[in-house]
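As provided, run_28.cif (mmCIF, C-alpha atoms) reads as follows.
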```
data_protein
loop_
_atom_site.label_atom_id
_atom_site.label_comp_id
_atom_site.auth_asym_id
_atom_site.auth_seq_id
_atom_site.Cartn_x
_atom_site.Cartn_y
_atom_site.Cartn_z
CA MET N 1 0.00 0.00 0.00
CA LYS N 2 0.94 3.65 -0.22
CA PRO N 3 -0.34 6.97 1.16
CA GLU N 4 -4.01 7.55 0.31
CA SER N 5 -4.66 3.84 -0.30
CA THR N 6 -7.89 2.19 0.77
CA VAL N 7 -7.17 -0.95 2.76
CA HIS N 8 -9.25 -3.87 3.96
CA VAL N 9 -7.92 -5.89 6.90
CA ALA N 10 -9.64 -9.26 7.32
CA GLY N 11 -9.51 -10.22 10.98
CA ALA N 12 -9.51 -8.02 14.08
CA GLY N 13 -7.33 -10.09 16.36
CA PRO N 14 -4.02 -8.63 17.60
CA VAL N 15 -2.33 -9.19 14.21
CA GLY N 16 -5.19 -7.57 12.29
CA LEU N 17 -5.41 -4.62 14.67
CA ALA N 18 -1.65 -4.09 14.46
CA ALA N 19 -1.84 -4.29 10.65
CA ALA N 20 -4.62 -1.70 10.66
CA ALA N 21 -2.55 0.62 12.85
CA GLY N 22 0.40 0.05 10.53
CA ALA N 23 -1.69 0.97 7.50
CA GLN N 24 -2.70 4.20 9.21
CA LEU N 25 0.94 4.92 10.04
CA LEU N 26 1.80 4.51 6.36
CA GLY N 27 -0.85 7.05 5.39
CA ALA N 28 -3.85 4.98 4.28
CA ALA N 29 -6.87 7.11 3.45
CA VAL N 30 -9.32 4.55 4.83
CA VAL N 31 -8.71 1.34 6.77
CA ILE N 32 -11.65 -1.08 6.89
CA VAL N 33 -11.46 -3.98 9.35
CA GLY N 34 -13.67 -7.06 9.01
CA ASP N 35 -14.49 -9.61 11.69
CA LEU N 36 -17.29 -11.75 13.11
CA GLN N 37 -17.17 -10.40 16.68
CA GLU N 38 -18.58 -7.02 17.64
CA GLU N 39 -16.13 -6.60 20.53
CA ARG N 40 -13.21 -6.86 18.12
CA LEU N 41 -14.85 -4.51 15.64
CA ALA N 42 -15.42 -1.98 18.41
CA GLN N 43 -11.71 -2.15 19.25
CA ALA N 44 -10.87 -1.38 15.60
CA ARG N 45 -13.25 1.59 15.60
CA SER N 46 -11.63 2.90 18.80
CA PHE N 47 -8.59 4.11 16.81
CA GLY N 48 -10.35 5.31 13.69
CA CYS N 49 -11.00 2.29 11.49
CA GLU N 50 -14.18 1.62 9.56
CA THR N 51 -15.59 -1.86 10.14
CA VAL N 52 -17.62 -4.57 8.45
CA ASP N 53 -19.36 -7.45 10.21
CA VAL N 54 -18.80 -10.42 7.92
CA SER N 55 -21.40 -12.47 9.82
CA LYS N 56 -23.96 -10.23 8.10
CA GLY N 57 -22.88 -11.11 4.58
CA ASP N 58 -20.27 -10.58 1.90
CA PRO N 59 -17.82 -7.87 3.00
CA LYS N 60 -17.80 -6.54 -0.57
CA ASP N 61 -21.33 -5.17 -0.14
CA GLN N 62 -20.48 -3.43 3.13
CA ILE N 63 -17.26 -2.03 1.68
CA GLU N 64 -19.28 -0.52 -1.15
CA GLN N 65 -21.50 1.22 1.40
CA ILE N 66 -18.40 2.79 2.97
CA LEU N 67 -16.37 3.67 -0.14
CA GLY N 68 -18.97 3.89 -2.87
CA VAL N 69 -17.18 1.11 -4.77
CA PRO N 70 -16.91 -2.60 -3.86
CA GLU N 71 -13.13 -2.71 -3.88
CA VAL N 72 -10.00 -1.54 -2.11
CA ASP N 73 -6.43 -0.86 -3.19
CA ALA N 74 -4.86 -3.37 -0.81
CA GLY N 75 -6.00 -6.30 1.31
CA ILE N 76 -4.56 -7.98 4.39
CA ASP N 77 -5.41 -11.51 5.50
CA ALA N 78 -4.93 -11.58 9.27
CA VAL N 79 -7.16 -14.63 9.73
CA GLY N 80 -5.36 -17.60 8.21
CA PHE N 81 -6.40 -21.20 7.80
CA GLU N 82 -9.01 -21.14 10.59
CA ALA N 83 -11.24 -18.80 8.57
CA ARG N 84 -15.01 -19.14 8.60
CA GLY N 85 -17.51 -18.37 5.90
CA HIS N 86 -19.44 -15.14 5.50
CA GLY N 87 -23.08 -14.46 6.24
CA ALA N 88 -25.06 -17.64 6.80
CA GLY N 89 -21.83 -19.62 6.48
CA SER N 90 -20.07 -17.81 9.30
CA ALA N 91 -20.74 -20.62 11.77
CA SER N 92 -18.69 -23.08 9.72
CA GLU N 93 -14.98 -23.34 8.99
CA ALA N 94 -14.11 -22.46 5.39
CA PRO N 95 -10.31 -22.13 5.15
CA ALA N 96 -10.12 -20.48 1.72
CA THR N 97 -12.83 -17.88 2.34
CA VAL N 98 -10.65 -14.93 3.29
CA LEU N 99 -8.09 -15.30 0.51
CA ASN N 100 -10.77 -15.75 -2.17
CA SER N 101 -12.73 -12.79 -0.81
CA LEU N 102 -9.64 -10.55 -0.76
CA MET N 103 -8.77 -11.44 -4.34
CA GLU N 104 -12.30 -10.46 -5.34
CA ILE N 105 -12.40 -7.11 -3.55
CA THR N 106 -8.83 -5.94 -4.20
CA ALA N 107 -8.62 -3.73 -7.28
CA ALA N 108 -6.65 -4.79 -10.35
CA GLY N 109 -2.96 -4.15 -9.86
CA GLY N 110 -3.39 -4.13 -6.09
CA ALA N 111 -1.60 -6.11 -3.44
CA LEU N 112 -2.39 -8.68 -0.76
CA GLY N 113 -0.43 -9.12 2.45
CA ILE N 114 -0.94 -12.46 4.16
CA PRO N 115 0.41 -12.51 7.73
CA GLY N 116 -2.42 -14.88 8.72
CA LEU N 117 -1.11 -18.35 9.55
CA TYR N 118 -1.36 -21.11 6.95
CA VAL N 119 0.05 -24.56 7.63
CA THR N 120 1.19 -27.64 5.74
CA GLY N 121 -0.59 -29.93 8.17
CA ASP N 122 -3.81 -29.50 10.15
CA PRO N 123 -5.15 -32.78 11.58
CA GLY N 124 -8.33 -30.97 12.62
CA GLY N 125 -9.01 -29.60 9.14
CA ILE N 126 -12.53 -29.58 7.80
CA ASP N 127 -11.71 -31.97 4.95
CA GLU N 128 -8.86 -34.13 3.66
CA ALA N 129 -7.44 -31.29 1.54
CA ALA N 130 -7.44 -28.85 4.45
CA LYS N 131 -5.65 -31.40 6.62
CA VAL N 132 -2.58 -31.09 4.39
CA GLY N 133 -2.87 -27.35 3.78
CA SER N 134 -4.44 -27.61 0.31
CA LEU N 135 -7.08 -24.93 -0.17
CA SER N 136 -9.48 -24.36 -3.04
CA LEU N 137 -8.21 -20.95 -4.14
CA SER N 138 -9.44 -18.95 -7.10
CA LEU N 139 -5.89 -18.22 -8.19
CA GLY N 140 -7.15 -17.33 -11.65
CA THR N 141 -8.84 -14.29 -10.12
CA GLY N 142 -5.56 -13.11 -8.65
CA TRP N 143 -3.72 -13.73 -11.92
CA ALA N 144 -6.34 -12.00 -14.08
CA LYS N 145 -6.24 -8.92 -11.82
CA SER N 146 -2.41 -8.83 -11.69
CA LEU N 147 -2.42 -8.93 -7.89
CA SER N 148 0.78 -9.10 -5.88
CA PHE N 149 1.05 -11.47 -2.90
CA THR N 150 3.35 -11.24 0.11
CA THR N 151 3.13 -13.93 2.75
CA GLY N 152 5.05 -15.61 5.54
CA GLN N 153 6.29 -14.55 8.94
CA CYS N 154 7.15 -10.90 9.41
CA PRO N 155 10.86 -10.07 9.04
CA VAL N 156 10.86 -8.37 12.43
CA MET N 157 14.46 -7.17 12.40
CA ARG N 158 13.72 -5.18 9.24
CA TYR N 159 11.07 -3.07 10.94
CA ASN N 160 11.67 -3.04 14.68
CA LEU N 161 13.95 0.02 14.88
CA GLY N 162 11.67 2.22 12.78
CA LEU N 163 8.59 1.09 14.67
CA MET N 164 10.30 1.70 18.01
CA LYS N 165 11.04 5.28 16.92
CA ALA N 166 7.43 5.74 15.79
CA ILE N 167 6.20 4.54 19.19
CA LEU N 168 8.67 6.68 21.17
CA HIS N 169 7.71 9.78 19.18
CA ASP N 170 3.99 9.06 19.59
CA ARG N 171 3.37 8.48 15.88
CA VAL N 172 1.54 5.25 16.67
CA GLN N 173 0.01 3.96 19.89
CA ILE N 174 0.19 0.26 19.23
CA ALA N 175 -0.57 -0.85 22.79
CA LYS N 176 -3.89 0.97 22.65
CA ALA N 177 -4.65 -0.32 19.16
CA VAL N 178 -4.26 -3.97 20.15
CA ASN N 179 -5.68 -3.38 23.65
CA ALA N 180 -2.53 -4.70 25.34
CA THR N 181 -3.39 -6.19 28.72
CA VAL N 182 -0.72 -7.15 31.26
CA ILE N 183 -1.41 -10.32 33.25
CA SER N 184 0.56 -12.36 35.75
CA LEU N 185 1.96 -15.81 35.09
CA ASP N 186 -0.76 -17.24 37.32
CA ASP N 187 -3.38 -15.66 35.06
CA ALA N 188 -1.83 -17.11 31.91
CA PRO N 189 -4.26 -20.07 31.62
CA ARG N 190 -7.22 -17.69 31.78
CA GLY N 191 -5.55 -15.40 29.26
CA TYR N 192 -5.07 -18.25 26.80
CA GLN N 193 -8.67 -19.37 27.24
CA GLU N 194 -9.99 -15.88 26.58
CA PHE N 195 -7.63 -15.42 23.64
CA ASP N 196 -8.83 -18.72 22.14
CA LYS N 197 -12.40 -17.44 22.39
CA GLY N 198 -11.46 -14.29 20.46
CA ALA N 199 -10.95 -11.71 23.20
CA ALA N 200 -10.38 -8.24 21.76
CA ARG N 201 -7.05 -7.79 23.47
CA LYS N 202 -3.38 -8.74 23.31
CA TYR N 203 -2.23 -10.38 26.52
CA VAL N 204 1.27 -9.63 27.83
CA ILE N 205 2.45 -12.07 30.49
CA ASP N 206 4.58 -10.37 33.15
CA PRO N 207 5.88 -13.16 35.43
CA HIS N 208 7.91 -10.85 37.69
CA GLY N 209 5.44 -8.00 38.09
CA THR N 210 7.77 -5.47 36.49
CA LEU N 211 5.27 -3.82 34.13
CA ALA N 212 2.51 -1.38 34.94
CA ALA N 213 -0.95 -2.87 34.37
#
```

Mind turning the file's structure into structure tokens?
Amino acid sequence: MKPESTVHVAGAGPVGLAAAAGAQLLGAAVVIVGDLQEERLAQARSFGCETVDVSKGDPKDQIEQILGVPEVDAGIDAVGFEARGHGAGSASEAPATVLNSLMEITAAGGALGIPGLYVTGDPGGIDEAAKVGSLSLSLGTGWAKSLSFTTGQCPVMRYNLGLMKAILHDRVQIAKAVNATVISLDDAPRGYQEFDKGAARKYVIDPHGTLAA
């Protein structure tokens, strides 16, 4: 993306919220965050994002209501292989949903960032293909629209110094964006349980009590 881009971030967990804050830092004109949980969407709105509730239907229709067109310049998949369907299908796992949706709503010549986790093996996958990381992707859509894809783990050392400076000079308030919450080591089991249920916060375990809550 670039300054004045319109961006859609799929997923409002800590990774998606951080990606949304990053898009704002880079000068995005509009950042739209999609998720199934209202608490997470409210967290995204708390620092200036537009939101779409994908449990209510195809995000493309809601994006059109926000932008006037059903597409964005750049898309970010912060969901990964545990994605669910949209609308009536939101109660069921549908691993390829987010990637196919992003290819549809990202404008020709645009780009997709995929920090969401995808695996080569998932014993709990919804079908035999998903169990070995094979998803039914509409790659022809991405090819026909000349989309660029970037995926994999973040090269942290490339960005950490610049981001540290942005935080220290109050250019981005990442702790507020991801709703960072300090907990003790004793509270870690509860934190993991709440995180697994989709809590709209990023837990920071402080075993020695050295951080302010």

Env of Pro3 in chain N: 8 Å cut, atoms = all atoms listed in the file, seq-sep filter 5 positions within chain, self excluded. Answer as a count of residues only.
4

Residues matched by the PyMOL selection byres ((chain N and resi 130) around 12) as number ranges by chain
N: 81-83, 93-96, 118-129, 131-137

Given the selection you just returned, output its residues as a file containing C-alpha atoms, formatted as a PDB file, keeping the file's coordinate frame.
```
ATOM      1  CA  PHE N  81      -6.400 -21.200   7.800  1.00  0.00           C
ATOM      2  CA  GLU N  82      -9.010 -21.140  10.590  1.00  0.00           C
ATOM      3  CA  ALA N  83     -11.240 -18.800   8.570  1.00  0.00           C
ATOM      4  CA  GLU N  93     -14.980 -23.340   8.990  1.00  0.00           C
ATOM      5  CA  ALA N  94     -14.110 -22.460   5.390  1.00  0.00           C
ATOM      6  CA  PRO N  95     -10.310 -22.130   5.150  1.00  0.00           C
ATOM      7  CA  ALA N  96     -10.120 -20.480   1.720  1.00  0.00           C
ATOM      8  CA  TYR N 118      -1.360 -21.110   6.950  1.00  0.00           C
ATOM      9  CA  VAL N 119       0.050 -24.560   7.630  1.00  0.00           C
ATOM     10  CA  THR N 120       1.190 -27.640   5.740  1.00  0.00           C
ATOM     11  CA  GLY N 121      -0.590 -29.930   8.170  1.00  0.00           C
ATOM     12  CA  ASP N 122      -3.810 -29.500  10.150  1.00  0.00           C
ATOM     13  CA  PRO N 123      -5.150 -32.780  11.580  1.00  0.00           C
ATOM     14  CA  GLY N 124      -8.330 -30.970  12.620  1.00  0.00           C
ATOM     15  CA  GLY N 125      -9.010 -29.600   9.140  1.00  0.00           C
ATOM     16  CA  ILE N 126     -12.530 -29.580   7.800  1.00  0.00           C
ATOM     17  CA  ASP N 127     -11.710 -31.970   4.950  1.00  0.00           C
ATOM     18  CA  GLU N 128      -8.860 -34.130   3.660  1.00  0.00           C
ATOM     19  CA  ALA N 129      -7.440 -31.290   1.540  1.00  0.00           C
ATOM     20  CA  LYS N 131      -5.650 -31.400   6.620  1.00  0.00           C
ATOM     21  CA  VAL N 132      -2.580 -31.090   4.390  1.00  0.00           C
ATOM     22  CA  GLY N 133      -2.870 -27.350   3.780  1.00  0.00           C
ATOM     23  CA  SER N 134      -4.440 -27.610   0.310  1.00  0.00           C
ATOM     24  CA  LEU N 135      -7.080 -24.930  -0.170  1.00  0.00           C
ATOM     25  CA  SER N 136      -9.480 -24.360  -3.040  1.00  0.00           C
ATOM     26  CA  LEU N 137      -8.210 -20.950  -4.140  1.00  0.00           C
TER      27      LEU N 137
END
```

Taking the file as I've supplied it (selection: the PyMOL selection byres ((chain N and resi 9-22) around 7)), which residues are included? Please answer as a PDB file with C-alpha atoms, keeping the file's coordinate frame.
```pdb
ATOM      1  CA  VAL N   7      -7.170  -0.950   2.760  1.00  0.00           C
ATOM      2  CA  HIS N   8      -9.250  -3.870   3.960  1.00  0.00           C
ATOM      3  CA  ALA N  23      -1.690   0.970   7.500  1.00  0.00           C
ATOM      4  CA  GLN N  24      -2.700   4.200   9.210  1.00  0.00           C
ATOM      5  CA  LEU N  25       0.940   4.920  10.040  1.00  0.00           C
ATOM      6  CA  LEU N  26       1.800   4.510   6.360  1.00  0.00           C
ATOM      7  CA  VAL N  31      -8.710   1.340   6.770  1.00  0.00           C
ATOM      8  CA  ILE N  32     -11.650  -1.080   6.890  1.00  0.00           C
ATOM      9  CA  VAL N  33     -11.460  -3.980   9.350  1.00  0.00           C
ATOM     10  CA  GLY N  34     -13.670  -7.060   9.010  1.00  0.00           C
ATOM     11  CA  ASP N  35     -14.490  -9.610  11.690  1.00  0.00           C
ATOM     12  CA  ARG N  40     -13.210  -6.860  18.120  1.00  0.00           C
ATOM     13  CA  LEU N  41     -14.850  -4.510  15.640  1.00  0.00           C
ATOM     14  CA  ALA N  44     -10.870  -1.380  15.600  1.00  0.00           C
ATOM     15  CA  GLY N  75      -6.000  -6.300   1.310  1.00  0.00           C
ATOM     16  CA  ILE N  76      -4.560  -7.980   4.390  1.00  0.00           C
ATOM     17  CA  ASP N  77      -5.410 -11.510   5.500  1.00  0.00           C
ATOM     18  CA  ALA N  78      -4.930 -11.580   9.270  1.00  0.00           C
ATOM     19  CA  VAL N  79      -7.160 -14.630   9.730  1.00  0.00           C
ATOM     20  CA  ILE N 174       0.190   0.260  19.230  1.00  0.00           C
ATOM     21  CA  ALA N 177      -4.650  -0.320  19.160  1.00  0.00           C
ATOM     22  CA  VAL N 178      -4.260  -3.970  20.150  1.00  0.00           C
ATOM     23  CA  ALA N 200     -10.380  -8.240  21.760  1.00  0.00           C
ATOM     24  CA  ARG N 201      -7.050  -7.790  23.470  1.00  0.00           C
ATOM     25  CA  LYS N 202      -3.380  -8.740  23.310  1.00  0.00           C
TER      26      LYS N 202
END
```

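For the pair CA of Thr141 in chain N and CA of Gly85 in chain N, the separation is 18.7 Å.
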
CA of Glu38 in chain N and CA of Pro189 in chain N, how far apart in Å?
23.9 Å

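Across N:Val30, N:Ala144, N:Ile183, N:Val98, the tightest approach to Val54 in chain N is made by N:Val98 when counting all atoms listed in the file.
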
Check which residues satisfy the PyMOL selection byres ((chain N and resi 108) around 7) in the file shown, then give them as an MDAnalysis selection string.
chainID N and resid 106:107 109:110 145:147

Expected file contents, prior selection, C-alpha atoms, as a JSON list (two decimals), keeping the file's coordinate frame:
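To be explicit, this is the file written out as result-v8.json:
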```
[["chain", "number", "residue", "atom", "x", "y", "z"],
["N", 106, "THR", "CA", -8.83, -5.94, -4.20],
["N", 107, "ALA", "CA", -8.62, -3.73, -7.28],
["N", 109, "GLY", "CA", -2.96, -4.15, -9.86],
["N", 110, "GLY", "CA", -3.39, -4.13, -6.09],
["N", 145, "LYS", "CA", -6.24, -8.92, -11.82],
["N", 146, "SER", "CA", -2.41, -8.83, -11.69],
["N", 147, "LEU", "CA", -2.42, -8.93, -7.89]]
```

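If you look at CA of Ala111 in chain N and CA of Asp73 in chain N, they are 7.1 Å away from each other.
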
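Residue nearest Glu64 in chain N, chosen from N:Ser148, N:Thr6, N:Gln37, N:Gln43 and counting all atoms listed in the file: N:Thr6.
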
Of N:Glu39, N:Asp53, N:Asp58, N:Glu71, the one sitting nearest Met103 in chain N when using all atoms listed in the file is N:Glu71

Nearest to Trp143 in chain N: which of N:Gly68, N:Val172, N:Val156, N:Glu104 is it, counting only C-alpha atoms?
N:Glu104

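Neighbouring residues of Val69 in chain N at 10 Å or closer, counting all atoms listed in the file and skipping chain neighbours under 5 positions away, are N:Lys60, N:Asp61, N:Gln62, N:Ile63, N:Glu64, N:Ile105.
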
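Residues surrounding Gly191 in chain N within 10 Å are N:Thr181, N:Val182, N:Ile183, N:Ser184, N:Leu185, N:Asp186, N:Asp196, N:Lys197, N:Ala199, N:Arg201, N:Lys202, N:Tyr203, N:Val204, N:Ile205 [all atoms listed in the file; sequence separation below 5 positions excluded].
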